[in-house]
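Visitor: My questions all concern the structure below.
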Amino acid sequence: MAPMSRDLSSFKRIVIKVGSSLLVDHGEGRIREQWLKALTEDIGELAKNGTEILIVSSGAIALGRNLIGLGKGHLKLEENQAAAAAGQIVLSGAWNKMLGKSGLTAAQILLTLGDTERRRRYLNARNTIANLLRLGVIPVVNENDTVATSEIRYGDNDRLAARVASMVSADCLVLLSDVDGLYSKPPEMGGGELIREISQITDEIRAMAGSAGSELSRGGMTTKIDAADIAVAAGAHMLITSGHKLHPLREIAGSGSWFIPKATPVAARKKWIAGSLEPRGSIIIDDGACQALKSGNSLLSAGATAITGNFHRGDAVNIVDVKGNILGRGLTAYDHKDAENILGVKSSEIEAILGYAGRTELIHRDDMVLKQEN
């Protein structure tokens with residue numbers, strides 16, 4: 001649980017979703033530079049205090065359609081893709097410029113639905129983002145609208161942001177919006193009260209957002225509830241709050257609607273590993289490795305003695321002692337062939353044997369759940 005003050009500095013890793021209507025002056029089709037400057041100053045303050053930040057930014061299509069003369073109104077799929085291609089350059093440039101003024105380095109990440117649905121692509125994206133964060137870089141994520149079709153789209157950046165938060169085990173997701181938060185009635189109806197804290201997403205909560213096909217849901221509150229479902233299941237707090245403030249992140253305390261998870265990101269991930277994945281093989285480990293795991297350490301290749309099964313990187317495998325007892329389960333960092341080649345090998349020797357610099361752990365402790373943790 002976050003402190004009652006809901007101070008963002010209390011979180012370790014935050015995903016911030018920025019909507020197109022906040023970032024882009026739709027009348028002129030340009031970046032709202034003063035607003036973005038203030039936001040990146042807020043991000044800079046958080047980063048200096050040790051908080052890792054990821055940004056999920058809309059705006060490419062809104063910027064691009066004006067740039068290439070598509071005007072207002074409904075766009076065909078191919079026009080959306082063209083607008084996104086032109087606007088993405090402007091969008092990434094704006095983030096790079098403004099984050100740079102706060103002493104930060106930006107990196108662009110473009111995702112499609114398949115990048116979070118297909119295991120190998122998911123792992124590649126996750127590892128890239130993890131390395132950027134380790135290097136102190138701010139990933140700026142957007143849907144890859146230039147190649148995504150209606151069949152392979154997230155459809156909105158609220159759900160994309162929640163998927164990203166889940167992917168990187170963020171402990172907080174902030175949706176900067178046009179609205180203050182979730183009201184007991186859609187604001188257009190009047191008379192509703194702002195719901196400050198939601199500990200469970202019930203049918204009643206969903207009804208407050210308006211039905212998916214109604215005029216009252218045009219503000220996207222239903223997609224924000226869907227995003228909250230994803231985020232809290234992954235152990236992240238989620239905040240819906242208005243971005244129409246001078247410094248949107250400094251004025252968080254006491255604002256918006258907080259969705260509260262029942263577990264931490266690590267605990268939620270371990271529960272998923274323990275109960276939702278079918279093991280594709282086993283890694284047998286020696287007594288020294290058994291003791292190391294019980295002390296909370298990762299599984300290193302030096303402690304592995306044998307493998308069974310035809311598994312791939314990211315698959316779940318059982319962790320078994322030399323007597324055949326299943327100690328737990330984890331996600332392997334290597335395919336079965338590479339894992340077999342580094343059995344009993346020190347981490348420092350892996351690159352020389354495999355020809356590439358892989359993970360130092362065969363199974364990282366955050367990707368592992370032992371029986372006593374169930």
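Naming scheme: A, B, ... for chains in displayed order of the structure tokens; residues 1 onward per chain; ligands 1 onward as shown.
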Taking the backbone alone, and naming residues the way the document does, which bits of segment 149-355 of chain A are strand (DSSP E or B) by DSSP, as a PyMOL selection string?
Guide: chain A and resi 172-177+183+194+197-198+237-242+257-259+281-285+299+304-309+316-321+326-331
Visitor: Go ahead and dump the residues you just picked, C-alpha atoms, as a PDB file, in the first residue's frame.
Guide:
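The resulting again_34.pdb:
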ATOM      1  CA  CYS A 172       2.256   2.876  -9.984  1.00  0.00           C
ATOM      2  CA  LEU A 173       0.408   3.904 -13.149  1.00  0.00           C
ATOM      3  CA  VAL A 174      -0.761   7.507 -13.558  1.00  0.00           C
ATOM      4  CA  LEU A 175      -3.345   8.297 -16.235  1.00  0.00           C
ATOM      5  CA  LEU A 176      -3.258  12.051 -16.871  1.00  0.00           C
ATOM      6  CA  SER A 177      -6.702  12.816 -18.235  1.00  0.00           C
ATOM      7  CA  TYR A 183     -17.391   9.959 -10.527  1.00  0.00           C
ATOM      8  CA  LEU A 194     -15.620  11.879  -7.081  1.00  0.00           C
ATOM      9  CA  GLU A 197     -10.318   5.211  -3.611  1.00  0.00           C
ATOM     10  CA  ILE A 198     -11.359   1.943  -5.268  1.00  0.00           C
ATOM     11  CA  HIS A 237      -1.530   1.322  -7.858  1.00  0.00           C
ATOM     12  CA  MET A 238      -3.341   3.320 -10.533  1.00  0.00           C
ATOM     13  CA  LEU A 239      -4.399   6.972 -10.451  1.00  0.00           C
ATOM     14  CA  ILE A 240      -6.842   8.723 -12.777  1.00  0.00           C
ATOM     15  CA  THR A 241      -6.399  12.469 -12.433  1.00  0.00           C
ATOM     16  CA  SER A 242      -6.707  15.678 -14.404  1.00  0.00           C
ATOM     17  CA  SER A 257      -9.213   8.388  -8.086  1.00  0.00           C
ATOM     18  CA  TRP A 258      -6.808   5.745  -6.769  1.00  0.00           C
ATOM     19  CA  PHE A 259      -7.222   2.049  -7.593  1.00  0.00           C
ATOM     20  CA  GLY A 281      10.687 -28.714 -18.353  1.00  0.00           C
ATOM     21  CA  SER A 282      12.854 -28.904 -15.254  1.00  0.00           C
ATOM     22  CA  ILE A 283      16.212 -27.669 -14.002  1.00  0.00           C
ATOM     23  CA  ILE A 284      17.914 -29.932 -11.471  1.00  0.00           C
ATOM     24  CA  ILE A 285      20.133 -28.130  -8.961  1.00  0.00           C
ATOM     25  CA  LEU A 299      19.533 -19.485  -9.548  1.00  0.00           C
ATOM     26  CA  ALA A 304      22.496 -26.413 -12.115  1.00  0.00           C
ATOM     27  CA  THR A 305      23.380 -30.052 -12.778  1.00  0.00           C
ATOM     28  CA  ALA A 306      20.883 -31.187 -15.439  1.00  0.00           C
ATOM     29  CA  ILE A 307      17.806 -30.168 -17.406  1.00  0.00           C
ATOM     30  CA  THR A 308      14.770 -31.947 -18.839  1.00  0.00           C
ATOM     31  CA  GLY A 309      12.250 -30.802 -21.443  1.00  0.00           C
ATOM     32  CA  ALA A 316       8.148 -21.776 -16.903  1.00  0.00           C
ATOM     33  CA  VAL A 317      10.237 -24.691 -15.604  1.00  0.00           C
ATOM     34  CA  ASN A 318      10.208 -26.668 -12.390  1.00  0.00           C
ATOM     35  CA  ILE A 319      13.194 -26.294 -10.072  1.00  0.00           C
ATOM     36  CA  VAL A 320      14.121 -29.754  -8.741  1.00  0.00           C
ATOM     37  CA  ASP A 321      16.726 -30.955  -6.232  1.00  0.00           C
ATOM     38  CA  ILE A 326      10.142 -30.035  -6.772  1.00  0.00           C
ATOM     39  CA  LEU A 327      11.299 -26.934  -4.918  1.00  0.00           C
ATOM     40  CA  GLY A 328       9.389 -24.387  -6.983  1.00  0.00           C
ATOM     41  CA  ARG A 329       8.952 -22.910 -10.419  1.00  0.00           C
ATOM     42  CA  GLY A 330      10.535 -20.103 -12.406  1.00  0.00           C
ATOM     43  CA  LEU A 331      10.953 -18.446 -15.784  1.00  0.00           C
TER      44      LEU A 331
END
Visitor: Give me the residues near Ala234 of chain A as a short mmCIF file (atom, residue, chain, number, x, y, z; two decimals) with C-alpha atoms, in the first residue's frame, where near means some atom within 12 Å (using only C-alpha atoms) and where sequence neighbours in that chain fewer than 5 positions away do not count.
Guide:
data_model
loop_
_atom_site.label_atom_id
_atom_site.label_comp_id
_atom_site.auth_asym_id
_atom_site.auth_seq_id
_atom_site.Cartn_x
_atom_site.Cartn_y
_atom_site.Cartn_z
CA ALA A 162 -1.50 -0.75 -18.17
CA ARG A 163 0.14 -3.50 -20.24
CA VAL A 164 3.45 -1.66 -20.05
CA ALA A 165 3.07 -1.22 -16.27
CA SER A 166 2.43 -4.96 -15.96
CA MET A 167 5.33 -5.82 -18.28
CA VAL A 168 7.90 -3.83 -16.30
CA SER A 169 6.47 -4.59 -12.82
CA ALA A 170 5.75 -0.91 -12.13
CA ASP A 171 4.23 -0.16 -8.75
CA CYS A 172 2.26 2.88 -9.98
CA LEU A 173 0.41 3.90 -13.15
CA ALA A 227 -6.67 -0.39 -17.60
CA ALA A 228 -7.17 -0.46 -13.83
CA ASP A 229 -8.15 -4.15 -14.06
CA ILE A 260 -5.54 -0.06 -4.90
CA PRO A 261 -3.96 -3.47 -5.61
CA LYS A 262 -4.10 -6.38 -3.20
CA ALA A 263 -0.44 -7.32 -3.71
CA THR A 264 2.92 -5.86 -4.70
CA PRO A 265 4.16 -6.22 -8.32
CA VAL A 266 6.64 -8.94 -7.29
CA ALA A 267 4.00 -10.88 -5.31
CA ALA A 268 1.50 -10.59 -8.18
CA ARG A 269 4.12 -11.83 -10.65
CA LYS A 270 5.04 -14.77 -8.41
CA LYS A 271 1.36 -15.72 -8.08
CA TRP A 272 1.05 -15.68 -11.88
CA ILE A 273 4.14 -17.87 -12.26
#
Visitor: List as a list of chain:residue names the protein and nucleic acid residues near Asp226 of chain A, meaning an atom at most 10 Å away when only C-alpha atoms are counted, but skip any in the same chain fewer than 3 places from it.
Guide: A:Asp158, A:Arg159, A:Ala162, A:Ile201, A:Arg206, A:Met221, A:Thr222, A:Thr223, A:Asp229, A:Ile230, A:Ala231
Visitor: Report as CSV: every residue of segment 26-56 of chain A with an atom at most 9 Å from segment 65-85 of chain A, its closest pair of atoms, and their distance in Å to one decimal, counting only C-alpha atoms, with rows sorted by chain and ascending residue number.
Guide:
residue,atom,partner,partner_atom,distance
A:His26,CA,A:Asn66,CA,8.9
A:Glu28,CA,A:Asn66,CA,7.9
A:Gly29,CA,A:Asn66,CA,5.6
A:Arg30,CA,A:Asn66,CA,8.4
Visitor: So, counting only C-alpha atoms, which residue among A:Thr51, A:Thr360, A:Asn124, A:Ser295 is closest to Leu111 of chain A?
Guide: A:Asn124
Visitor: List every residue of segment 91-157 of chain A that DSSP, applied to the backbone of this structure, assigns to helix (DSSP H, G or I), and report them as a JSON list (two decimals) with C-alpha atoms, in the first residue's frame.
Guide:
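Once written, result_23.json looks like this:
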[["chain", "number", "residue", "atom", "x", "y", "z"],
["A", 91, "LEU", "CA", 6.31, 13.76, -30.91],
["A", 92, "SER", "CA", 9.57, 11.98, -30.08],
["A", 93, "GLY", "CA", 11.52, 15.15, -30.83],
["A", 94, "ALA", "CA", 9.39, 17.16, -28.42],
["A", 95, "TRP", "CA", 9.88, 14.65, -25.60],
["A", 96, "ASN", "CA", 13.61, 14.46, -26.30],
["A", 97, "LYS", "CA", 13.93, 18.25, -26.26],
["A", 98, "MET", "CA", 11.95, 18.84, -23.08],
["A", 99, "LEU", "CA", 13.35, 15.92, -21.10],
["A", 100, "GLY", "CA", 16.81, 17.07, -22.17],
["A", 101, "LYS", "CA", 16.18, 20.46, -20.57],
["A", 114, "GLY", "CA", 1.80, -8.69, -30.36],
["A", 115, "ASP", "CA", 4.75, -7.28, -28.41],
["A", 116, "THR", "CA", 2.91, -7.89, -25.15],
["A", 117, "GLU", "CA", 0.95, -10.99, -26.23],
["A", 119, "ARG", "CA", 6.15, -14.45, -25.30],
["A", 120, "ARG", "CA", 9.48, -13.90, -27.08],
["A", 121, "ARG", "CA", 8.58, -10.41, -28.28],
["A", 122, "TYR", "CA", 7.29, -9.60, -24.79],
["A", 123, "LEU", "CA", 10.62, -10.64, -23.28],
["A", 124, "ASN", "CA", 12.60, -8.65, -25.83],
["A", 125, "ALA", "CA", 10.56, -5.51, -25.13],
["A", 126, "ARG", "CA", 10.76, -6.06, -21.36],
["A", 127, "ASN", "CA", 14.53, -6.54, -21.44],
["A", 128, "THR", "CA", 15.06, -3.45, -23.61],
["A", 129, "ILE", "CA", 13.01, -1.28, -21.27],
["A", 130, "ALA", "CA", 14.73, -2.76, -18.19],
["A", 131, "ASN", "CA", 18.14, -1.90, -19.64],
["A", 132, "LEU", "CA", 17.08, 1.65, -20.48],
["A", 133, "LEU", "CA", 15.84, 2.17, -16.92],
["A", 134, "ARG", "CA", 19.06, 0.72, -15.52],
["A", 150, "SER", "CA", -7.53, -2.91, -36.30],
["A", 151, "GLU", "CA", -6.95, -6.62, -35.62],
["A", 152, "ILE", "CA", -3.63, -6.13, -33.82],
["A", 157, "ASN", "CA", -3.18, 4.18, -24.79]]
